[in-house]
Amino acid sequence: MPHSKKSQEAGARTPTRTEKVQLALRRAILEQRLTPGTRLPEDAIGEAFGASRTIAREALGRLATEGLVELIPNRGAFVANPSLEEGRGIFVIRAALERGMVRQLSGRIDAVSVERLTEMVEAETRLAEKSDVEAIRLAGEFHLYLASLAGNPLLQRYLVEIISRCSLVMTMYGRPHSADCGAREHKEIVDAMVAGDFTRAGDLMEQHVEDVAARAQLSVRPKTDVRQVLADFASRIAET
């Protein structure tokens with residue numbers, strides 16, 4: 001099985017301090033609290049999270065690998081700022097990779113993973129009615145979870161970067177009230193995979209990614225108070 005008991009136990013371990021900062025920053029970016037182009041000073045991050053600049057630097061480096069942060073020599077770290085055209089190109093690659101992924105997974109997902117996927121779709125559906133940005137973040141997590149089930153480290157690494165960057169594109173350019181469509185499409189994909197219909201699952205995933213790309217348009221970006229955003233997200237991880 002692609003998703004073994006051992007991998008489940010590994011996924012349940014306590015995250016490191018660096019991982020907590022990385023997760024908090026990722027959420028801040030994908031919830032558009034830290035907007036594209038915003039500078040991310042290591043000292044401000046360390047101060048907000050009560051962490052060293054080394055941890056801040058490591059977290060930023062990991063986010064750069066995901067495509068959410070750009071590291072510019074002699075200038076520092078910035079929230080990635082992909083153009084709409086770049087985003088469309090990323091979606092083309094993503095559609096091909098995820099089509100192959102779900103074809104591979106069809107009929108091979110265990111009951112625990114199916115239950116988790118169902119819960120994710122239900123949460124995404126509920127949030128789609130309240131917050132498009134939050135629903136987009138959850139949609140990205142759905143796709144990342146599927147990638148983790150494939151049992152292919154190289155494919156997973158590519159998809160982590162592509163899916164994270166697509167989520168950023170959608171928070172930047174996504175049309176209002178489009179996230180509920182994605183939740184319905186996710187359910188259809190899960191149903192096809194559970195049924196073992198790899199052809200339908202692949203077709204649905206490819207069409208889904210193409211539809212997500214089509215639900216994008218230019219939008220106005222608000223200015224960002226970096227220290228206030230970091231303080232908000234630092235308080236969240238302090239409770240975990």
# chains A, B, ... in the order shown; residues from 1 in each chain; ligands from 1
call {"tool": "residues_around", "arguments": {"residues": "stretch 87-90 of chain A", "least_positions_apart": "2", "cutoff": "7 Å", "atoms": "only C-alpha atoms", "output": "MDAnalysis selection string"}}
result
chainID A and resid 82:85 92:94 162 166 169 213
call {"tool": "write_last_selection", "arguments": {"atoms": "all heavy atoms", "output": "JSON list (two decimals), in the first residue's frame"}}
result
[["chain", "number", "residue", "atom", "x", "y", "z"],
["A", 82, "PRO", "N", 4.45, 35.62, -8.32],
["A", 82, "PRO", "CA", 4.32, 35.12, -9.70],
["A", 82, "PRO", "C", 3.30, 35.93, -10.50],
["A", 82, "PRO", "O", 2.29, 36.38, -9.96],
["A", 82, "PRO", "CB", 3.84, 33.68, -9.50],
["A", 82, "PRO", "CG", 3.13, 33.70, -8.19],
["A", 82, "PRO", "CD", 3.89, 34.68, -7.34],
["A", 83, "SER", "N", 3.58, 36.11, -11.77],
["A", 83, "SER", "CA", 2.62, 36.78, -12.65],
["A", 83, "SER", "C", 1.51, 35.81, -12.99],
["A", 83, "SER", "O", 1.63, 34.59, -12.81],
["A", 83, "SER", "CB", 3.31, 37.24, -13.93],
["A", 83, "SER", "OG", 3.69, 36.12, -14.72],
["A", 84, "LEU", "N", 0.41, 36.33, -13.51],
["A", 84, "LEU", "CA", -0.71, 35.48, -13.91],
["A", 84, "LEU", "C", -0.28, 34.52, -15.02],
["A", 84, "LEU", "O", -0.66, 33.35, -15.02],
["A", 84, "LEU", "CB", -1.88, 36.34, -14.38],
["A", 84, "LEU", "CG", -3.18, 35.62, -14.72],
["A", 84, "LEU", "CD1", -3.67, 34.81, -13.53],
["A", 84, "LEU", "CD2", -4.24, 36.62, -15.16],
["A", 85, "GLU", "N", 0.56, 35.02, -15.94],
["A", 85, "GLU", "CA", 1.02, 34.17, -17.04],
["A", 85, "GLU", "C", 1.90, 33.04, -16.50],
["A", 85, "GLU", "O", 1.80, 31.89, -16.94],
["A", 85, "GLU", "CB", 1.79, 35.01, -18.06],
["A", 85, "GLU", "CG", 1.98, 34.32, -19.40],
["A", 85, "GLU", "CD", 0.67, 33.92, -20.06],
["A", 85, "GLU", "OE1", -0.31, 34.69, -19.95],
["A", 85, "GLU", "OE2", 0.64, 32.83, -20.66],
["A", 92, "VAL", "N", -0.33, 24.12, -16.11],
["A", 92, "VAL", "CA", -0.21, 23.15, -17.21],
["A", 92, "VAL", "C", 0.62, 21.95, -16.75],
["A", 92, "VAL", "O", 0.25, 20.79, -16.98],
["A", 92, "VAL", "CB", 0.44, 23.81, -18.45],
["A", 92, "VAL", "CG1", 0.77, 22.75, -19.50],
["A", 92, "VAL", "CG2", -0.50, 24.86, -19.04],
["A", 93, "ILE", "N", 1.75, 22.24, -16.10],
["A", 93, "ILE", "CA", 2.61, 21.16, -15.58],
["A", 93, "ILE", "C", 1.89, 20.37, -14.50],
["A", 93, "ILE", "O", 1.93, 19.13, -14.47],
["A", 93, "ILE", "CB", 3.92, 21.74, -15.03],
["A", 93, "ILE", "CG1", 4.68, 22.48, -16.12],
["A", 93, "ILE", "CG2", 4.79, 20.65, -14.41],
["A", 93, "ILE", "CD1", 5.86, 23.28, -15.62],
["A", 94, "ARG", "N", 1.20, 21.09, -13.63],
["A", 94, "ARG", "CA", 0.50, 20.44, -12.53],
["A", 94, "ARG", "C", -0.57, 19.47, -13.03],
["A", 94, "ARG", "O", -0.73, 18.37, -12.49],
["A", 94, "ARG", "CB", -0.14, 21.50, -11.64],
["A", 94, "ARG", "CG", -0.98, 20.92, -10.53],
["A", 94, "ARG", "CD", -1.54, 22.01, -9.63],
["A", 94, "ARG", "NE", -2.52, 21.47, -8.69],
["A", 94, "ARG", "CZ", -3.15, 22.19, -7.77],
["A", 94, "ARG", "NH1", -2.88, 23.49, -7.66],
["A", 94, "ARG", "NH2", -4.02, 21.64, -6.97],
["A", 162, "ILE", "N", 4.89, 22.77, -6.83],
["A", 162, "ILE", "CA", 3.91, 23.23, -7.81],
["A", 162, "ILE", "C", 2.57, 23.57, -7.16],
["A", 162, "ILE", "O", 1.96, 24.61, -7.46],
["A", 162, "ILE", "CB", 3.73, 22.16, -8.91],
["A", 162, "ILE", "CG1", 4.99, 22.09, -9.78],
["A", 162, "ILE", "CG2", 2.51, 22.47, -9.79],
["A", 162, "ILE", "CD1", 5.00, 20.96, -10.78],
["A", 166, "CYS", "N", 0.77, 27.15, -6.92],
["A", 166, "CYS", "CA", -0.56, 27.33, -7.50],
["A", 166, "CYS", "C", -1.53, 27.91, -6.47],
["A", 166, "CYS", "O", -2.39, 28.74, -6.81],
["A", 166, "CYS", "CB", -1.10, 26.00, -8.03],
["A", 166, "CYS", "SG", -0.38, 25.46, -9.59],
["A", 169, "VAL", "N", -0.93, 31.52, -6.36],
["A", 169, "VAL", "CA", -1.52, 32.16, -7.55],
["A", 169, "VAL", "C", -3.02, 32.34, -7.35],
["A", 169, "VAL", "O", -3.59, 33.39, -7.69],
["A", 169, "VAL", "CB", -1.23, 31.33, -8.81],
["A", 169, "VAL", "CG1", -2.05, 31.83, -10.01],
["A", 169, "VAL", "CG2", 0.25, 31.37, -9.16],
["A", 213, "ALA", "N", -7.40, 26.76, -12.89],
["A", 213, "ALA", "CA", -6.61, 27.77, -13.58],
["A", 213, "ALA", "C", -7.50, 28.80, -14.26],
["A", 213, "ALA", "O", -7.18, 29.99, -14.31],
["A", 213, "ALA", "CB", -5.69, 27.12, -14.60]]
call {"tool": "closest_atom_pairs", "arguments": {"of": "stretch 151-177 of chain A", "to": "stretch 70-81 of chain A", "cutoff": "9 Å", "atoms": "only C-alpha atoms", "output": "Markdown table"}}
result
| residue | atom | partner | partner_atom | distance |
| --- | --- | --- | --- | --- |
| A:Arg165 | CA | A:Ala80 | CA | 8.4 |
| A:Leu168 | CA | A:Ala80 | CA | 8.2 |
| A:Val169 | CA | A:Asn81 | CA | 8.5 |
| A:Met172 | CA | A:Asn81 | CA | 8.9 |
call {"tool": "write_last_selection", "arguments": {"atoms": "N, CA, C and O atoms", "output": "short mmCIF file (atom, residue, chain, number, x, y, z; two decimals), in the first residue's frame"}}
result
data_model
loop_
_atom_site.label_atom_id
_atom_site.label_comp_id
_atom_site.auth_asym_id
_atom_site.auth_seq_id
_atom_site.Cartn_x
_atom_site.Cartn_y
_atom_site.Cartn_z
N ARG A 165 2.77 26.74 -5.02
CA ARG A 165 2.84 27.94 -5.86
C ARG A 165 1.49 28.21 -6.53
O ARG A 165 1.08 29.37 -6.68
N LEU A 168 -0.73 29.91 -4.09
CA LEU A 168 -0.40 31.33 -4.01
C LEU A 168 -1.01 32.09 -5.18
O LEU A 168 -1.58 33.17 -5.01
N VAL A 169 -0.93 31.52 -6.36
CA VAL A 169 -1.52 32.16 -7.55
C VAL A 169 -3.02 32.34 -7.35
O VAL A 169 -3.59 33.39 -7.69
N MET A 172 -3.90 35.09 -5.05
CA MET A 172 -3.65 36.38 -5.68
C MET A 172 -4.71 36.72 -6.72
O MET A 172 -5.17 37.85 -6.81
#
call {"tool": "closest_residue", "arguments": {"among": "A:Ala95, A:Ala111, A:Ala147, A:Val121", "to": "A:Cys181", "atoms": "only C-alpha atoms"}}
result
A:Val121
call {"tool": "closest_residue", "arguments": {"among": "A:Ile29, A:Gly182, A:Ala231, A:Glu129", "to": "A:Gly67", "atoms": "only C-alpha atoms"}}
result
A:Ile29
call {"tool": "atom_distance", "arguments": {"atom1": "atom CA of A:Gln22", "atom2": "atom CA of A:Ala59"}}
result
4.7 Å
call {"tool": "select_by_dssp", "arguments": {"residues": "stretch 16-112 of chain A", "states": "helix (DSSP H, G or I)", "output": "JSON, numbers by chain"}}
result
{"A": [17, 18, 19, 20, 21, 22, 23, 24, 25, 26, 27, 28, 29, 30, 42, 43, 44, 45, 46, 47, 48, 49, 53, 54, 55, 56, 57, 58, 59, 60, 61, 62, 63, 64, 65, 66, 84, 85, 86, 87, 88, 89, 90, 91, 92, 93, 94, 95, 96, 97, 98, 99, 100, 101, 102, 103, 104, 105, 111, 112]}
call {"tool": "atom_distance", "arguments": {"atom1": "atom CA of A:Arg53", "atom2": "atom CA of A:Pro41"}}
result
9.3 Å
call {"tool": "closest_residue", "arguments": {"among": "A:Pro15, A:Gly37, A:Gly46, A:Gly140", "to": "A:Met170", "atoms": "only C-alpha atoms"}}
result
A:Gly140
call {"tool": "atom_distance", "arguments": {"atom1": "atom CA of A:Glu66", "atom2": "atom CA of A:Arg26"}}
result
9.5 Å
call {"tool": "residues_around", "arguments": {"residues": "stretch 193-205 of chain A", "least_positions_apart": "4", "cutoff": "12 Å", "atoms": "only C-alpha atoms", "output": "number ranges by chain"}}
result
A: 91, 94-111, 113-115, 117-118, 143, 146, 182, 184-189, 209-212
call {"tool": "select_by_dssp", "arguments": {"residues": "stretch 3-213 of chain A", "states": "strand (DSSP E)", "output": "VMD selection string"}}
result
chain A and resid 69 to 72 76 to 79
call {"tool": "closest_residue", "arguments": {"among": "A:Glu206, A:Glu141, A:Glu134, A:Asp225", "to": "A:Glu31", "atoms": "only C-alpha atoms"}}
result
A:Glu134
call {"tool": "closest_residue", "arguments": {"among": "A:Glu119, A:Glu161, A:Val226, A:Lys130", "to": "A:Val190", "atoms": "only C-alpha atoms"}}
result
A:Glu119
call {"tool": "residues_around", "arguments": {"residues": "A:Glu19", "least_positions_apart": "4", "cutoff": "10 Å", "atoms": "only C-alpha atoms", "output": "count of residues only"}}
result
9
call {"tool": "closest_residue", "arguments": {"among": "A:Ser235, A:Arg227, A:Tyr173, A:Glu124", "to": "A:Asp43", "atoms": "only C-alpha atoms"}}
result
A:Arg227
call {"tool": "residues_around", "arguments": {"residues": "A:Val160", "least_positions_apart": "3", "cutoff": "7 Å", "atoms": "only C-alpha atoms", "output": "PDB file with C-alpha atoms, in the first residue's frame"}}
result
ATOM      1  CA  GLU A  66       8.126  25.206  -2.048  1.00  0.00           C
ATOM      2  CA  LEU A 144      -0.580  17.713  -1.034  1.00  0.00           C
ATOM      3  CA  GLN A 156       5.947  14.412  -4.050  1.00  0.00           C
ATOM      4  CA  ARG A 157       8.796  16.942  -4.023  1.00  0.00           C
ATOM      5  CA  ILE A 163       0.795  22.925  -5.628  1.00  0.00           C
ATOM      6  CA  SER A 164       2.045  25.470  -3.094  1.00  0.00           C
TER       7      SER A 164
END
